[in-house]
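Q: start05.pdb is the file, holding PDB, C-alpha atoms, pLDDT in the B column:
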```pdb
MODEL        1
ATOM      1  CA  LEU F  27      -2.461   0.666   3.622  1.00 96.00           C
ATOM      2  CA  ASP F  28      -0.775   4.019   2.917  1.00 95.00           C
ATOM      3  CA  ASP F  29      -1.943   5.474   6.221  1.00 97.00           C
ATOM      4  CA  PHE F  30       0.098   2.815   8.014  1.00 98.00           C
ATOM      5  CA  TYR F  31       3.485   3.697   6.577  1.00 98.00           C
ATOM      6  CA  LEU F  32       6.230   3.961   9.158  1.00 98.00           C
ATOM      7  CA  PRO F  33       6.901   7.474  10.470  1.00 98.00           C
ATOM      8  CA  TYR F  34       9.567   9.265   8.451  1.00 97.00           C
ATOM      9  CA  ALA F  35      12.253   8.840  11.116  1.00 97.00           C
ATOM     10  CA  GLU F  36      11.674   5.091  11.312  1.00 97.00           C
ATOM     11  CA  GLN F  37      11.604   4.734   7.531  1.00 97.00           C
ATOM     12  CA  SER F  38      14.851   6.679   7.292  1.00 96.00           C
ATOM     13  CA  ALA F  39      16.365   4.290   9.840  1.00 97.00           C
ATOM     14  CA  VAL F  40      15.265   1.283   7.765  1.00 96.00           C
ATOM     15  CA  ALA F  41      16.863   2.837   4.695  1.00 96.00           C
ATOM     16  CA  GLU F  42      20.114   3.499   6.532  1.00 96.00           C
ATOM     17  CA  GLU F  43      20.269   0.084   8.205  1.00 96.00           C
ATOM     18  CA  THR F  44      19.472  -1.976   5.094  1.00 95.00           C
ATOM     19  CA  GLY F  45      21.076   0.111   2.357  1.00 96.00           C
ATOM     20  CA  ASN F  46      18.393  -1.445   0.160  1.00 97.00           C
ATOM     21  CA  PRO F  47      17.272   0.849  -2.693  1.00 96.00           C
ATOM     22  CA  LEU F  48      13.762  -0.646  -2.631  1.00 97.00           C
ATOM     23  CA  LEU F  49      13.431   0.277   1.042  1.00 96.00           C
ATOM     24  CA  GLU F  50      14.975   3.725   0.750  1.00 93.00           C
ATOM     25  CA  PHE F  51      11.533   5.343   0.864  1.00 92.00           C
ATOM     26  CA  ARG F  52       7.982   4.285   1.711  1.00 94.00           C
ATOM     27  CA  GLY F  53       6.173   1.813  -0.500  1.00 95.00           C
ATOM     28  CA  ASN F  54       7.371  -1.772  -0.442  1.00 97.00           C
ATOM     29  CA  ALA F  55       6.778  -4.451   2.170  1.00 98.00           C
ATOM     30  CA  GLY F  56       8.859  -3.537   5.183  1.00 97.00           C
ATOM     31  CA  SER F  57       7.872   0.134   5.172  1.00 97.00           C
ATOM     32  CA  HIS F  58       4.560  -0.293   7.027  1.00 98.00           C
ATOM     33  CA  ASP F  59       3.553  -0.560  10.674  1.00 98.00           C
ATOM     34  CA  VAL F  60       1.886  -3.961  10.318  1.00 98.00           C
ATOM     35  CA  ALA F  61       1.030  -4.185  14.015  1.00 98.00           C
ATOM     36  CA  LEU F  62      -0.791  -0.837  13.982  1.00 98.00           C
ATOM     37  CA  ALA F  63      -2.670  -1.759  10.809  1.00 98.00           C
ATOM     38  CA  SER F  64      -3.764  -5.101  12.262  1.00 98.00           C
ATOM     39  CA  GLU F  65      -4.871  -3.568  15.537  1.00 97.00           C
ATOM     40  CA  THR F  66      -6.854  -0.827  13.773  1.00 97.00           C
ATOM     41  CA  LEU F  67      -8.601  -3.255  11.409  1.00 97.00           C
ATOM     42  CA  ARG F  68      -9.504  -5.593  14.248  1.00 96.00           C
ATOM     43  CA  ARG F  69     -11.029  -2.722  16.185  1.00 95.00           C
ATOM     44  CA  LEU F  70     -12.990  -1.563  13.131  1.00 96.00           C
ATOM     45  CA  LYS F  71     -14.286  -5.084  12.508  1.00 93.00           C
ATOM     46  CA  GLY F  72     -15.390  -5.333  16.116  1.00 92.00           C
ATOM     47  CA  ILE F  73     -16.863  -1.859  16.457  1.00 93.00           C
ATOM     48  CA  ASN F  74     -20.465  -3.084  16.185  1.00 91.00           C
ATOM     49  CA  LYS F  75     -19.919  -5.540  19.026  1.00 85.00           C
ATOM     50  CA  ASP F  76     -19.068  -2.736  21.414  1.00 65.00           C
ATOM     51  CA  ASP F  77     -21.513  -0.445  23.118  1.00 64.00           C
ATOM     52  CA  ALA F  78     -23.428   2.060  21.026  1.00 60.00           C
ATOM     53  CA  GLY F  79     -21.283   5.038  20.145  1.00 67.00           C
ATOM     54  CA  ALA F  80     -18.038   3.076  19.989  1.00 88.00           C
ATOM     55  CA  GLU F  81     -15.184   4.869  18.243  1.00 93.00           C
ATOM     56  CA  VAL F  82     -11.950   3.861  16.549  1.00 96.00           C
ATOM     57  CA  LEU F  83      -9.075   6.245  15.924  1.00 97.00           C
ATOM     58  CA  VAL F  84      -7.652   5.673  12.426  1.00 98.00           C
ATOM     59  CA  PRO F  85      -4.130   6.926  11.615  1.00 98.00           C
ATOM     60  CA  ARG F  86      -3.446   9.322   8.762  1.00 98.00           C
ATOM     61  CA  TYR F  87      -0.301   9.730   6.677  1.00 97.00           C
ATOM     62  CA  ASP F  88       0.752  13.097   5.281  1.00 96.00           C
ATOM     63  CA  LYS F  89       2.392  12.526   1.899  1.00 91.00           C
ATOM     64  CA  THR F  90       3.212  16.226   1.577  1.00 90.00           C
ATOM     65  CA  ALA F  91       5.491  16.267   4.646  1.00 93.00           C
ATOM     66  CA  ASN F  92       9.262  16.338   4.220  1.00 92.00           C
ATOM     67  CA  SER F  93       9.075  17.832   0.726  1.00 86.00           C
ATOM     68  CA  GLY F  94       6.769  15.103  -0.513  1.00 84.00           C
ATOM     69  CA  PHE F  95       8.538  12.138   1.075  1.00 89.00           C
ATOM     70  CA  GLY F  96       5.846  11.932   3.756  1.00 94.00           C
ATOM     71  CA  ASP F  97       5.416  11.270   7.462  1.00 97.00           C
ATOM     72  CA  ARG F  98       2.746   9.981   9.810  1.00 98.00           C
ATOM     73  CA  ALA F  99       0.370  12.806  10.667  1.00 97.00           C
ATOM     74  CA  PRO F 100       0.091  13.979  14.296  1.00 97.00           C
ATOM     75  CA  GLN F 101      -2.453  11.954  16.253  1.00 96.00           C
ATOM     76  CA  GLU F 102      -4.715  14.966  16.729  1.00 97.00           C
ATOM     77  CA  SER F 103      -5.375  14.920  12.969  1.00 96.00           C
ATOM     78  CA  TRP F 104      -6.264  11.213  12.797  1.00 98.00           C
ATOM     79  CA  THR F 105      -9.797  10.240  11.789  1.00 97.00           C
ATOM     80  CA  THR F 106     -12.310   9.179  14.423  1.00 97.00           C
ATOM     81  CA  VAL F 107     -14.684   6.531  13.075  1.00 96.00           C
ATOM     82  CA  GLU F 108     -17.932   5.971  14.946  1.00 93.00           C
ATOM     83  CA  GLY F 109     -19.978   2.787  14.884  1.00 91.00           C
ATOM     84  CA  PRO F 110     -22.084   1.107  13.810  1.00 91.00           C
ATOM     85  CA  LEU F 111     -20.491   0.259  10.439  1.00 93.00           C
ATOM     86  CA  ASN F 112     -21.818  -1.774   7.526  1.00 94.00           C
ATOM     87  CA  VAL F 113     -18.545  -2.218   5.662  1.00 95.00           C
ATOM     88  CA  VAL F 114     -14.854  -1.390   6.002  1.00 96.00           C
ATOM     89  CA  LEU F 115     -12.890  -0.844   2.777  1.00 97.00           C
ATOM     90  CA  TYR F 116      -9.146  -1.349   3.136  1.00 97.00           C
ATOM     91  CA  GLU F 117      -7.109  -0.469   0.054  1.00 97.00           C
ATOM     92  CA  GLY F 118      -3.485  -1.273  -0.600  1.00 96.00           C
ATOM     93  CA  TRP F 119      -1.385  -1.492  -3.750  1.00 95.00           C
ATOM     94  CA  MET F 120       0.474  -4.635  -2.580  1.00 96.00           C
ATOM     95  CA  LEU F 121      -2.220  -6.497  -0.662  1.00 96.00           C
ATOM     96  CA  GLY F 122      -2.509 -10.061  -1.886  1.00 96.00           C
ATOM     97  CA  PHE F 123       1.112 -10.315  -3.040  1.00 97.00           C
ATOM     98  CA  GLU F 124       2.430 -13.817  -2.399  1.00 96.00           C
ATOM     99  CA  PRO F 125       6.133 -14.387  -1.640  1.00 97.00           C
ATOM    100  CA  VAL F 126       7.995 -16.015  -4.521  1.00 98.00           C
ATOM    101  CA  GLY F 127      11.097 -17.056  -2.595  1.00 98.00           C
ATOM    102  CA  ALA F 128      14.629 -15.708  -2.592  1.00 98.00           C
ATOM    103  CA  GLU F 129      15.722 -17.232  -5.886  1.00 98.00           C
ATOM    104  CA  ALA F 130      12.764 -15.950  -7.908  1.00 98.00           C
ATOM    105  CA  ALA F 131      12.912 -12.558  -6.209  1.00 98.00           C
ATOM    106  CA  ALA F 132      16.617 -12.194  -6.942  1.00 98.00           C
ATOM    107  CA  ALA F 133      15.988 -13.044 -10.591  1.00 98.00           C
ATOM    108  CA  VAL F 134      13.770  -9.971 -10.822  1.00 98.00           C
ATOM    109  CA  ASN F 135      15.975  -7.693  -8.739  1.00 98.00           C
ATOM    110  CA  PRO F 136      18.526  -8.661  -6.051  1.00 98.00           C
ATOM    111  CA  ALA F 137      17.124  -5.990  -3.752  1.00 98.00           C
ATOM    112  CA  LEU F 138      13.680  -7.620  -3.928  1.00 98.00           C
ATOM    113  CA  VAL F 139      14.838 -10.558  -1.790  1.00 98.00           C
ATOM    114  CA  ALA F 140      14.567  -8.467   1.387  1.00 97.00           C
ATOM    115  CA  VAL F 141      11.116  -7.204   0.347  1.00 98.00           C
ATOM    116  CA  ASP F 142       9.908 -10.727  -0.422  1.00 98.00           C
ATOM    117  CA  ASP F 143      11.038 -11.810   3.028  1.00 97.00           C
ATOM    118  CA  LYS F 144       8.834  -9.121   4.609  1.00 97.00           C
ATOM    119  CA  LEU F 145       5.566 -10.174   2.938  1.00 97.00           C
ATOM    120  CA  GLU F 146       4.471 -12.983   5.247  1.00 96.00           C
ATOM    121  CA  PRO F 147       3.291 -10.815   8.181  1.00 96.00           C
ATOM    122  CA  TYR F 148       1.002  -8.872   5.835  1.00 96.00           C
ATOM    123  CA  GLU F 149      -0.955 -12.060   5.072  1.00 94.00           C
ATOM    124  CA  GLU F 150      -0.930 -13.269   8.661  1.00 94.00           C
ATOM    125  CA  ARG F 151      -1.901 -10.041  10.372  1.00 96.00           C
ATOM    126  CA  ILE F 152      -3.731  -7.935   7.752  1.00 96.00           C
ATOM    127  CA  GLU F 153      -4.963  -9.877   4.732  1.00 95.00           C
ATOM    128  CA  SER F 154      -6.394 -12.703   6.840  1.00 94.00           C
ATOM    129  CA  LEU F 155      -8.872 -10.191   8.272  1.00 95.00           C
ATOM    130  CA  ALA F 156     -10.497  -9.600   4.867  1.00 96.00           C
ATOM    131  CA  ASP F 157     -13.928 -11.162   4.337  1.00 96.00           C
ATOM    132  CA  ALA F 158     -13.947 -10.443   0.585  1.00 96.00           C
ATOM    133  CA  TRP F 159     -11.609  -9.002  -2.050  1.00 97.00           C
ATOM    134  CA  LEU F 160     -11.781  -6.548  -4.935  1.00 97.00           C
ATOM    135  CA  VAL F 161      -8.729  -6.846  -7.208  1.00 97.00           C
ATOM    136  CA  ILE F 162      -8.213  -3.913  -9.590  1.00 97.00           C
ATOM    137  CA  GLN F 163      -6.077  -5.050 -12.513  1.00 98.00           C
ATOM    138  CA  ILE F 164      -4.112  -2.750 -14.812  1.00 97.00           C
ATOM    139  CA  GLY F 165      -2.823  -3.390 -18.311  1.00 95.00           C
ATOM    140  CA  ASP F 166       0.678  -2.015 -17.756  1.00 97.00           C
ATOM    141  CA  PRO F 167       2.468  -1.103 -14.490  1.00 97.00           C
ATOM    142  CA  GLU F 168       4.233   1.666 -16.411  1.00 96.00           C
ATOM    143  CA  TRP F 169       0.981   3.616 -16.159  1.00 97.00           C
ATOM    144  CA  VAL F 170       1.779   4.159 -12.485  1.00 97.00           C
ATOM    145  CA  PHE F 171       4.437   6.703 -13.469  1.00 97.00           C
ATOM    146  CA  ASP F 172       1.750   8.882 -15.074  1.00 97.00           C
ATOM    147  CA  TRP F 173      -0.691   8.399 -12.218  1.00 96.00           C
ATOM    148  CA  ARG F 174       1.882   9.393  -9.592  1.00 95.00           C
ATOM    149  CA  SER F 175       2.883  12.433 -11.671  1.00 96.00           C
ATOM    150  CA  GLN F 176      -0.759  13.503 -11.912  1.00 96.00           C
ATOM    151  CA  ALA F 177      -1.177  13.206  -8.158  1.00 94.00           C
ATOM    152  CA  GLU F 178       1.952  15.244  -7.495  1.00 93.00           C
ATOM    153  CA  ASP F 179       0.852  17.893 -10.000  1.00 95.00           C
ATOM    154  CA  ALA F 180      -2.479  18.226  -8.214  1.00 95.00           C
ATOM    155  CA  THR F 181      -0.697  18.553  -4.875  1.00 92.00           C
ATOM    156  CA  ARG F 182       1.614  21.199  -6.288  1.00 93.00           C
ATOM    157  CA  LYS F 183      -1.306  23.193  -7.729  1.00 95.00           C
ATOM    158  CA  ALA F 184      -2.909  23.120  -4.287  1.00 95.00           C
ATOM    159  CA  GLY F 185       0.166  24.942  -2.974  1.00 94.00           C
ATOM    160  CA  LYS F 186       1.557  21.970  -1.069  1.00 91.00           C
ATOM    161  CA  PRO F 187       5.047  20.394  -1.311  1.00 89.00           C
ATOM    162  CA  ALA F 188       5.288  17.727  -3.985  1.00 90.00           C
ATOM    163  CA  LEU F 189       7.843  15.489  -5.664  1.00 90.00           C
ATOM    164  CA  THR F 190       9.613  16.771  -8.760  1.00 93.00           C
ATOM    165  CA  PRO F 191       9.261  14.780 -12.017  1.00 94.00           C
ATOM    166  CA  GLU F 192      12.724  13.306 -11.423  1.00 95.00           C
ATOM    167  CA  GLN F 193      11.786  12.319  -7.876  1.00 93.00           C
ATOM    168  CA  VAL F 194       8.535  10.765  -9.118  1.00 94.00           C
ATOM    169  CA  ARG F 195      10.433   8.536 -11.565  1.00 95.00           C
ATOM    170  CA  ALA F 196      12.903   7.480  -8.876  1.00 93.00           C
ATOM    171  CA  PHE F 197      10.084   6.869  -6.387  1.00 91.00           C
ATOM    172  CA  VAL F 198       7.841   4.820  -8.688  1.00 95.00           C
ATOM    173  CA  SER F 199      10.782   2.828 -10.060  1.00 96.00           C
ATOM    174  CA  ARG F 200      11.064   1.217  -6.628  1.00 96.00           C
ATOM    175  CA  PHE F 201       7.622  -0.354  -7.090  1.00 97.00           C
ATOM    176  CA  GLN F 202       8.277  -1.924 -10.487  1.00 98.00           C
ATOM    177  CA  PRO F 203      10.201  -5.034  -9.313  1.00 98.00           C
ATOM    178  CA  ALA F 204       7.295  -5.951  -7.037  1.00 98.00           C
ATOM    179  CA  TYR F 205       4.797  -5.515  -9.857  1.00 98.00           C
ATOM    180  CA  GLU F 206       6.883  -7.793 -12.064  1.00 98.00           C
ATOM    181  CA  ALA F 207       7.281 -10.455  -9.401  1.00 98.00           C
ATOM    182  CA  TYR F 208       3.817 -10.532  -7.834  1.00 98.00           C
ATOM    183  CA  LEU F 209       1.126  -9.272 -10.218  1.00 98.00           C
ATOM    184  CA  PRO F 210       1.047 -12.330 -12.519  1.00 97.00           C
ATOM    185  CA  ALA F 211       0.052 -14.702  -9.703  1.00 96.00           C
ATOM    186  CA  LEU F 212      -2.343 -12.188  -8.157  1.00 97.00           C
ATOM    187  CA  TYR F 213      -4.140 -11.649 -11.454  1.00 97.00           C
ATOM    188  CA  ARG F 214      -4.148 -15.352 -12.318  1.00 96.00           C
ATOM    189  CA  ASP F 215      -5.000 -16.913  -8.952  1.00 94.00           C
ATOM    190  CA  GLY F 216      -6.382 -14.066  -6.864  1.00 95.00           C
ATOM    191  CA  PRO F 217      -5.154 -13.143  -3.373  1.00 95.00           C
ATOM    192  CA  ARG F 218      -3.353 -15.994  -1.652  1.00 87.00           C
ATOM    193  CA  GLY F 219      -5.644 -18.123   0.420  1.00 80.00           C
ATOM    194  CA  ALA F 220      -8.795 -16.177  -0.433  1.00 90.00           C
ATOM    195  CA  LYS F 221     -10.437 -18.747  -2.687  1.00 79.00           C
ATOM    196  CA  ALA F 222      -9.366 -21.702  -0.565  1.00 80.00           C
ATOM    197  CA  ALA F 223     -11.012 -19.992   2.398  1.00 89.00           C
ATOM    198  CA  GLY F 224     -14.195 -19.446   0.412  1.00 90.00           C
ATOM    199  CA  LYS F 225     -13.830 -15.672   0.349  1.00 94.00           C
ATOM    200  CA  ALA F 226     -15.418 -13.794  -2.554  1.00 95.00           C
ATOM    201  CA  VAL F 227     -12.988 -12.273  -5.071  1.00 96.00           C
ATOM    202  CA  LEU F 228     -14.128  -9.749  -7.669  1.00 96.00           C
ATOM    203  CA  ALA F 229     -11.567  -8.721 -10.296  1.00 96.00           C
ATOM    204  CA  ILE F 230     -12.034  -5.703 -12.549  1.00 97.00           C
ATOM    205  CA  GLU F 231      -9.637  -4.218 -15.097  1.00 97.00           C
ATOM    206  CA  VAL F 232      -9.119  -0.492 -15.575  1.00 97.00           C
ATOM    207  CA  GLU F 233      -7.785   1.423 -18.554  1.00 97.00           C
ATOM    208  CA  ARG F 234      -4.946   3.924 -18.518  1.00 96.00           C
ATOM    209  CA  ASP F 235      -7.476   6.734 -17.846  1.00 96.00           C
ATOM    210  CA  ARG F 236      -8.730   4.706 -14.863  1.00 95.00           C
ATOM    211  CA  SER F 237     -12.059   3.914 -16.520  1.00 96.00           C
ATOM    212  CA  VAL F 238     -13.343   0.344 -16.136  1.00 96.00           C
ATOM    213  CA  LYS F 239     -12.517  -1.830 -19.109  1.00 93.00           C
ATOM    214  CA  GLU F 240     -15.618  -3.232 -20.767  1.00 83.00           C
TER     215      GLU F 240
ENDMDL
END
```
Mind converting the file's structure to structure tokens?

A:
Amino acid sequence: LDDFYLPYAEQSAVAEETGNPLLEFRGNAGSHDVALASETLRRLKGINKDDAGAEVLVPRYDKTANSGFGDRAPQESWTTVEGPLNVVLYEGWMLGFEPVGAEAAAAVNPALVAVDDKLEPYEERIESLADAWLVIQIGDPEWVFDWRSQAEDATRKAGKPALTPEQVRAFVSRFQPAYEAYLPALYRDGPRGAKAAGKAVLAIEVERDRSVKE
């Protein structure tokens, strides 16, 4: 999902137009190019139906651009995937989140109402394409602060631009309302519509060190 974030200029425009702190930077629903993601997934799913040697160009997102605030990478650096394929893994931190409605969203955070309103197209155009699900559960969303800091530290050590500790806290804080609003139902019921459609759902829980909980 991360590779389908809006380009930096478009994301900046969303931030300016909405004035919504949860949409100030990439991350929440409303900061992705849903149409591009849907088109790319459909082409990947159909790659084996095409002639031998079929290819799909998959976008890339550079999280180190703009001092760590990111931007879509130039098309010449996108990944070319050649068929045939046996499986396509599509990962996204907010896939499977089910809208809770304006009242429930506002009770968590008033700014979440706009995010909640943006969730429906993700199910219609992206999640519906999944044939099976793997849900990775975590014990505490606060762990994400450490995980993001570790990723930024590794980027910094590699000599690339990265977010400062203060920027990491501000960045990850924008994800917390969504975790509070949507994780309980996802963990309890699985991705919306998956079980009703007879799609397999495997849930695993990981520890703070990312090891699988036994």

Q: Which of these residues is nearest to Leu115 (chain F), using only C-alpha atoms: F:Arg195, F:Arg98, F:Arg151, F:Lys71?

A: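 Answer, going by the shortest atom-to-atom distance: F:Lys71.
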
Q: Here is a test: counting all atoms listed in the file, which residue of F:Ser57, F:Ser64, F:Thr106, F:Gln202 is nearest to Ala39 (chain F)?

A: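 Nearest candidate to Ala39 (chain F) out of F:Ser57, F:Ser64, F:Thr106, F:Gln202: F:Ser57.
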
Q: Taking into account all atoms listed in the file, which residue in the set F:Asp166, F:Val82, F:Phe95, F:Leu70 is nearest to Tyr31 (chain F)?

A: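 Among F:Asp166, F:Val82, F:Phe95, F:Leu70, it is F:Phe95 that comes nearest to Tyr31 (chain F).
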
Q: Quick one: which residues end up in the PyMOL selection byres ((chain F and resi 234) around 12) for this structure, as a list in words?

A: Gln163, Ile164, Gly165, Asp166, Pro167, Glu168, Trp169, Val170, Phe171, Asp172, Trp173, Glu231, Val232, Glu233, Asp235, Arg236, Ser237, Val238 and Lys239 of chain F

Q: Identify which of the residues F:Val194, F:Val40, F:Leu209, F:Met120 lies closest to Leu145 (chain F), counting all atoms listed in the file when measuring atom-to-atom distances.

A: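 Comparing F:Val194, F:Val40, F:Leu209, F:Met120 against Leu145 (chain F), the winner is F:Met120.
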
Q: Show which residues sit within 12 Å of region 210-220 of chain F, as number ranges by chain. Count all atoms listed in the file, and ignore same-chain residues fewer than 6 positions away.

A: F: 119-126, 145-146, 148-150, 153-167, 204, 226-231

Q: Could you save those same residues with C-alpha atoms as a short mmCIF file (atom, residue, chain, number, x, y, z; two decimals), in the coordinates of the input?

A:
```
data_model
loop_
_atom_site.label_atom_id
_atom_site.label_comp_id
_atom_site.auth_asym_id
_atom_site.auth_seq_id
_atom_site.Cartn_x
_atom_site.Cartn_y
_atom_site.Cartn_z
CA TRP F 119 -1.38 -1.49 -3.75
CA MET F 120 0.47 -4.64 -2.58
CA LEU F 121 -2.22 -6.50 -0.66
CA GLY F 122 -2.51 -10.06 -1.89
CA PHE F 123 1.11 -10.32 -3.04
CA GLU F 124 2.43 -13.82 -2.40
CA PRO F 125 6.13 -14.39 -1.64
CA VAL F 126 8.00 -16.02 -4.52
CA LEU F 145 5.57 -10.17 2.94
CA GLU F 146 4.47 -12.98 5.25
CA TYR F 148 1.00 -8.87 5.84
CA GLU F 149 -0.96 -12.06 5.07
CA GLU F 150 -0.93 -13.27 8.66
CA GLU F 153 -4.96 -9.88 4.73
CA SER F 154 -6.39 -12.70 6.84
CA LEU F 155 -8.87 -10.19 8.27
CA ALA F 156 -10.50 -9.60 4.87
CA ASP F 157 -13.93 -11.16 4.34
CA ALA F 158 -13.95 -10.44 0.58
CA TRP F 159 -11.61 -9.00 -2.05
CA LEU F 160 -11.78 -6.55 -4.93
CA VAL F 161 -8.73 -6.85 -7.21
CA ILE F 162 -8.21 -3.91 -9.59
CA GLN F 163 -6.08 -5.05 -12.51
CA ILE F 164 -4.11 -2.75 -14.81
CA GLY F 165 -2.82 -3.39 -18.31
CA ASP F 166 0.68 -2.02 -17.76
CA PRO F 167 2.47 -1.10 -14.49
CA ALA F 204 7.30 -5.95 -7.04
CA ALA F 226 -15.42 -13.79 -2.55
CA VAL F 227 -12.99 -12.27 -5.07
CA LEU F 228 -14.13 -9.75 -7.67
CA ALA F 229 -11.57 -8.72 -10.30
CA ILE F 230 -12.03 -5.70 -12.55
CA GLU F 231 -9.64 -4.22 -15.10
#
```
